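J.: Hey, dropping structure_31.tsv in here, TSV, C-alpha atoms:
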```tsv
chain	number	residue	atom	x	y	z
A	1	MET	CA	-59.88	-9.29	-40.60
A	2	ALA	CA	-58.84	-6.20	-42.55
A	3	GLN	CA	-59.27	-6.23	-46.32
A	4	ASP	CA	-56.40	-5.61	-48.75
A	5	VAL	CA	-56.77	-2.05	-50.03
A	6	VAL	CA	-55.78	-0.63	-53.39
A	7	PRO	CA	-53.54	2.33	-52.38
A	8	PHE	CA	-53.65	4.41	-55.55
A	9	SER	CA	-57.38	4.82	-56.24
A	10	THR	CA	-59.61	7.59	-54.91
A	11	SER	CA	-62.94	6.24	-56.02
A	12	LEU	CA	-65.52	8.65	-54.61
A	13	ILE	CA	-69.18	7.71	-54.52
A	14	THR	CA	-71.42	10.11	-56.45
A	15	ALA	CA	-75.12	10.38	-57.20
A	16	ALA	CA	-74.48	8.66	-60.53
A	17	ASP	CA	-73.66	5.47	-58.60
A	18	VAL	CA	-77.11	5.34	-57.01
A	19	ASN	CA	-79.82	3.39	-58.82
A	20	THR	CA	-83.35	4.49	-57.93
A	21	THR	CA	-85.21	1.92	-60.03
A	22	ILE	CA	-84.64	-1.21	-57.95
A	23	ASN	CA	-87.36	-2.13	-55.46
A	24	GLY	CA	-88.50	1.46	-55.09
A	25	GLU	CA	-85.55	2.92	-53.15
A	26	PRO	CA	-82.03	4.18	-53.86
A	27	ARG	CA	-79.45	1.40	-54.00
A	28	ILE	CA	-75.76	0.99	-54.82
A	29	GLU	CA	-74.11	-1.90	-56.66
A	30	ASP	CA	-71.88	-4.17	-54.57
A	31	LEU	CA	-68.82	-3.91	-56.83
A	32	ARG	CA	-69.07	-0.12	-56.95
A	33	LEU	CA	-69.11	-0.02	-53.16
A	34	ALA	CA	-66.12	-2.37	-53.08
A	35	GLU	CA	-64.17	-0.08	-55.42
A	36	ALA	CA	-64.91	2.93	-53.23
A	37	LEU	CA	-63.79	0.99	-50.16
A	38	GLY	CA	-60.56	0.07	-51.91
A	39	PHE	CA	-60.93	-3.71	-52.15
A	40	SER	CA	-58.02	-5.11	-54.17
A	41	LEU	CA	-60.50	-7.71	-55.47
A	42	PRO	CA	-63.93	-6.02	-55.62
A	43	ARG	CA	-65.78	-9.33	-56.01
A	44	MET	CA	-64.70	-10.32	-52.48
A	45	ILE	CA	-67.36	-7.96	-51.13
A	46	ARG	CA	-69.95	-10.54	-52.21
A	47	LYS	CA	-68.55	-13.06	-49.72
A	48	LEU	CA	-68.83	-10.39	-47.04
A	49	ILE	CA	-72.43	-9.70	-48.02
A	50	ARG	CA	-73.37	-13.38	-47.99
A	51	ARG	CA	-71.79	-13.77	-44.57
A	52	HIS	CA	-74.03	-11.01	-43.20
A	53	LEU	CA	-77.25	-11.70	-45.13
A	54	GLU	CA	-79.35	-12.27	-42.02
A	55	ALA	CA	-78.28	-8.96	-40.52
A	56	LEU	CA	-78.83	-7.15	-43.83
A	57	ARG	CA	-82.38	-8.48	-44.04
A	58	GLN	CA	-83.13	-6.59	-40.82
A	59	PHE	CA	-82.88	-3.43	-42.97
A	60	GLY	CA	-85.22	-4.70	-45.68
A	61	GLU	CA	-85.09	-6.97	-48.71
A	62	VAL	CA	-81.64	-7.82	-50.01
A	63	CYS	CA	-81.93	-7.35	-53.77
A	64	ALA	CA	-79.77	-9.63	-55.90
A	65	LYS	CA	-79.57	-10.16	-59.65
A	66	TRP	CA	-78.11	-13.19	-61.38
A	67	ASN	CA	-75.65	-12.44	-64.19
A	68	LYS	CA	-75.21	-14.90	-67.04
A	69	PRO	CA	-71.70	-16.02	-68.04
A	70	THR	CA	-70.04	-13.95	-70.74
A	71	ASP	CA	-68.91	-15.22	-74.14
A	72	ARG	CA	-65.55	-15.90	-72.53
A	73	GLY	CA	-67.14	-18.44	-70.19
A	74	GLY	CA	-67.16	-18.49	-66.43
A	75	ARG	CA	-69.87	-19.23	-63.91
A	76	PRO	CA	-73.04	-17.23	-63.23
A	77	SER	CA	-72.52	-14.51	-60.63
A	78	GLN	CA	-74.82	-12.55	-58.38
A	79	THR	CA	-74.85	-8.76	-58.13
A	80	TYR	CA	-76.18	-7.29	-54.89
A	81	TRP	CA	-77.89	-3.91	-54.87
A	82	LEU	CA	-77.71	-2.48	-51.36
A	83	SER	CA	-79.93	0.12	-49.76
A	84	LYS	CA	-78.39	2.96	-47.79
A	85	ARG	CA	-78.56	1.17	-44.43
A	86	GLN	CA	-77.36	-2.12	-45.92
A	87	ALA	CA	-74.43	-0.40	-47.61
A	88	LEU	CA	-73.50	1.39	-44.38
A	89	TYR	CA	-73.60	-1.92	-42.51
A	90	ILE	CA	-71.30	-3.62	-45.03
A	91	THR	CA	-69.00	-0.59	-45.00
A	92	ALA	CA	-68.66	-0.90	-41.22
A	93	LYS	CA	-67.91	-4.63	-41.55
A	94	SER	CA	-65.39	-4.13	-44.37
A	95	ASP	CA	-62.69	-2.93	-41.96
A	96	THR	CA	-60.86	-0.94	-44.62
A	97	GLU	CA	-58.95	2.31	-44.19
A	98	ARG	CA	-61.57	4.12	-46.29
A	99	ALA	CA	-64.62	2.91	-44.36
A	100	ALA	CA	-65.07	6.18	-42.45
A	101	LEU	CA	-64.71	8.32	-45.61
A	102	VAL	CA	-67.09	6.11	-47.59
A	103	THR	CA	-69.63	6.26	-44.75
A	104	VAL	CA	-69.69	10.06	-44.97
A	105	GLN	CA	-69.91	9.96	-48.78
A	106	MET	CA	-72.83	7.54	-48.76
A	107	VAL	CA	-74.82	9.50	-46.20
A	108	GLU	CA	-74.38	12.71	-48.20
A	109	VAL	CA	-75.10	11.12	-51.61
A	110	PHE	CA	-78.09	9.04	-50.54
A	111	ASP	CA	-79.59	12.01	-48.66
A	112	ALA	CA	-79.12	14.20	-51.74
A	113	VAL	CA	-80.84	11.63	-53.95
A	114	THR	CA	-83.71	11.11	-51.51
A	115	SER	CA	-84.30	14.83	-51.09
A	116	GLY	CA	-84.28	15.44	-54.82
A	117	ARG	CA	-81.13	17.56	-54.74
A	118	ALA	CA	-79.38	15.13	-57.07
A	119	VAL	CA	-80.49	13.79	-60.44
A	120	THR	CA	-79.55	10.18	-61.02
A	121	LYS	CA	-79.80	7.62	-63.80
A	122	PRO	CA	-79.86	3.85	-63.41
A	123	LYS	CA	-76.31	2.55	-63.43
A	124	ARG	CA	-76.97	0.31	-66.40
A	125	GLU	CA	-77.85	3.39	-68.46
A	126	ARG	CA	-74.62	5.21	-67.77
A	127	ARG	CA	-72.42	5.46	-70.82
A	128	SER	CA	-68.67	5.49	-70.58
A	129	ARG	CA	-66.85	8.28	-72.33
A	130	VAL	CA	-65.52	7.19	-75.70
A	131	PRO	CA	-61.98	8.53	-76.20
A	132	ARG	CA	-61.03	10.06	-79.49
A	133	PRO	CA	-59.24	7.69	-81.88
A	134	ILE	CA	-55.47	7.56	-81.61
A	135	SER	CA	-52.97	6.77	-84.32
A	136	LYS	CA	-51.43	3.34	-84.84
A	137	ALA	CA	-48.05	4.98	-84.41
A	138	THR	CA	-49.06	6.03	-80.89
A	139	LEU	CA	-49.99	2.45	-80.04
A	140	VAL	CA	-46.65	1.24	-81.44
A	141	SER	CA	-44.86	3.85	-79.32
A	142	TYR	CA	-46.92	2.76	-76.30
A	143	ALA	CA	-46.00	-0.91	-76.86
A	144	SER	CA	-42.31	0.04	-77.08
A	145	TRP	CA	-42.52	2.06	-73.88
A	146	LEU	CA	-44.32	-0.77	-72.05
A	147	TRP	CA	-41.63	-3.25	-73.13
A	148	GLY	CA	-38.87	-0.97	-71.90
A	149	GLU	CA	-40.73	-0.20	-68.70
A	150	ARG	CA	-41.15	-3.90	-67.94
A	151	VAL	CA	-37.42	-4.48	-68.49
A	152	ARG	CA	-36.55	-1.65	-66.07
A	153	VAL	CA	-39.06	-2.83	-63.46
A	154	LEU	CA	-37.68	-6.39	-63.53
A	155	GLU	CA	-34.13	-5.03	-63.25
A	156	GLU	CA	-35.17	-3.13	-60.13
A	157	LEU	CA	-37.10	-6.08	-58.64
A	158	TYR	CA	-34.50	-8.76	-59.35
A	159	PRO	CA	-31.07	-7.10	-59.61
A	160	ASP	CA	-29.24	-10.37	-58.83
A	161	VAL	CA	-31.08	-12.42	-61.47
A	162	PRO	CA	-29.54	-12.69	-64.98
A	163	PRO	CA	-31.57	-10.72	-67.59
A	164	GLY	CA	-32.70	-13.81	-69.48
A	165	HIS	CA	-34.31	-15.23	-66.34
A	166	ARG	CA	-36.30	-12.15	-65.33
A	167	THR	CA	-39.51	-13.45	-66.85
A	168	GLY	CA	-41.74	-14.26	-63.89
A	169	VAL	CA	-45.01	-12.40	-63.37
A	170	ALA	CA	-46.83	-12.37	-60.03
A	171	VAL	CA	-50.50	-13.29	-60.48
A	172	ASN	CA	-52.07	-12.37	-57.14
A	173	ASN	CA	-52.14	-8.58	-57.16
A	174	PRO	CA	-54.35	-5.72	-58.48
A	175	GLY	CA	-52.13	-5.18	-61.52
A	176	TYR	CA	-52.63	-8.74	-62.74
A	177	PHE	CA	-56.37	-8.72	-62.07
A	178	PHE	CA	-56.82	-5.50	-64.06
A	179	HIS	CA	-56.43	-7.65	-67.19
A	180	HIS	CA	-57.60	-11.00	-65.77
A	181	ARG	CA	-60.79	-10.26	-63.85
A	182	HIS	CA	-62.92	-12.96	-62.26
A	183	ASP	CA	-66.15	-10.99	-62.53
A	184	GLU	CA	-68.24	-10.15	-65.58
A	185	ARG	CA	-66.63	-6.81	-66.39
A	186	VAL	CA	-64.59	-6.30	-69.55
A	187	MET	CA	-61.82	-3.73	-69.17
A	188	PRO	CA	-61.35	-0.98	-71.81
A	189	PRO	CA	-58.77	-1.69	-74.52
A	190	PRO	CA	-55.22	-0.29	-74.24
A	191	SER	CA	-55.98	2.39	-76.85
A	192	THR	CA	-58.22	4.14	-74.29
A	193	ARG	CA	-55.29	4.81	-71.96
A	194	ALA	CA	-52.18	4.77	-74.16
A	195	GLU	CA	-52.16	8.51	-74.80
A	196	GLN	CA	-52.72	9.40	-71.14
A	197	VAL	CA	-49.90	7.13	-69.95
A	198	LEU	CA	-47.48	8.45	-72.55
A	199	LYS	CA	-48.29	12.04	-71.61
A	200	LEU	CA	-47.82	11.21	-67.93
A	201	VAL	CA	-44.27	9.97	-68.50
A	202	GLY	CA	-43.42	12.77	-70.92
A	203	VAL	CA	-43.66	10.94	-74.25
A	204	ALA	CA	-45.42	12.98	-76.93
A	205	PRO	CA	-48.22	10.94	-78.60
A	206	LEU	CA	-48.27	10.84	-82.40
A	207	ARG	CA	-51.42	12.43	-83.78
A	208	LEU	CA	-53.63	11.10	-86.52
A	209	ALA	CA	-52.84	12.55	-89.93
```
Take the structure from the file and write it as structure tokens.
T.:
Amino acid sequence: MAQDVVPFSTSLITAADVNTTINGEPRIEDLRLAEALGFSLPRMIRKLIRRHLEALRQFGEVCAKWNKPTDRGGRPSQTYWLSKRQALYITAKSDTERAALVTVQMVEVFDAVTSGRAVTKPKRERRSRVPRPISKATLVSYASWLWGERVRVLEELYPDVPPGHRTGVAVNNPGYFFHHRHDERVMPPPSTRAEQVLKLVGVAPLRLA
């Protein structure tokens, strides 16, 4: 059965996604592979992995790490770190539109890491870029734009519904799960993307004094 694919992301696999410190060979995290494959819900790749555990063990040990619940609660989860052959197997079984592209990417990246042509760091040591601070006025402008954008979107979605009743929000789509994830990841705050979104739609951000 084909997986739902996120249509707007081009999440290429790079050498930075390969961890060389786990069990003595290069491996890739399950959720990172899912993102590259375009899963609308990256955590669903773990069900796929569990369904094929016996086959994956034919390629060597399946390395898994238990993650404790966050301060926000939730249940413990398991992260799988897949070797090259295990990742290629899961990619083939994913049945997504990007499977062929991701297969090529993984072969090239893993070969580069193995041959020493790429320098990698463990994924847990990678640091996200910290955006420069933005002004409160920019955030206020962003909030105003988001409110107006939501009004216009609901008008387009439900033209025959009176304005006061256009309040429903669908909860089973990638947009909803960006802010309400079921895995352990915490998404960056709105201030990290406000300026970029405003620039994209042609609204000039307000600089810090």
J.: Please provide as an MDAnalysis selection string all residues within 12 Å of A:Val102, with the sequence filter that same-chain residues fewer than 4 positions apart are discarded (counting all atoms listed in the file).
T.: chainID A and resid 10:14 32:38 84 87:92 94:98 106:110
J.: Just the number, please: distance in Å from atom CA of A:Tyr142 to atom CA of A:Ala194, one decimal.
T.: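 According to the coordinates, atom CA of A:Tyr142 and atom CA of A:Ala194 are separated by 6.0 Å.
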J.: Of the residues A:Val62, A:Val140, A:Leu41, A:Ala55, which is the one nearest to A:Glu25, using all atoms listed in the file?
T.: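 Under the stated criterion, the closest residue is A:Val62.
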J.: For atom CA of A:Leu146 and atom CA of A:Pro188, determine how far apart the two atoms are, in Å to one decimal place.
T.: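 Atom-to-atom, atom CA of A:Leu146 and atom CA of A:Pro188 are spaced 17.0 Å apart.
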J.: Which is closest to A:Glu149 among A:Glu195, A:Val201, A:Ser83, A:Asn67, if we use only C-alpha atoms?
T.: A:Val201
J.: Any idea what the distance is between atom CA of A:His180 and atom CA of A:Thr103?
T.: 29.7 Å
J.: Mind listing whatever residues come within 12 Å of the point (-49.6, 6.7, -77.7)? Use all atoms listed in the file, file coordinates, and give them as a PyMOL selection string.
T.: chain A and resi 133-146+190-208
J.: Which one is closest to A:Glu155: A:Gln86, A:Thr167, A:Thr79, A:Gln105? Count all atoms listed in the file.
T.: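 Once distances to A:Glu155 are computed over all atoms listed in the file, the minimum belongs to A:Thr167.
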J.: Considering all atoms listed in the file, state which residue in the set A:Leu31, A:Ala64, A:Leu48, A:Val113 is at the smallest distance from A:Trp81.
T.: A:Ala64
J.: Tell me which protein, DNA and RNA residues are within 7 Å of A:Cys63, counting all atoms listed in the file, leaving out same-chain ones fewer than 2 positions away, and put them as number ranges by chain.
T.: A: 61, 65, 80-82
J.: Restricting the calculation to only C-alpha atoms: of A:Lys93, A:Arg117, A:Arg85, A:His165, which residue gets closest to A:Phe59?
T.: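 Of all the options, A:Arg85 lies closest to A:Phe59.
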J.: Compare A:Val151, A:Gly175, A:Ala112, A:Leu56 by their minimum atom-to-atom distance to A:Val18, counting only C-alpha atoms, and give me the closest one.
T.: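 Checking each of A:Val151, A:Gly175, A:Ala112, A:Leu56 against A:Val18, counting only C-alpha atoms, the winner is A:Ala112.
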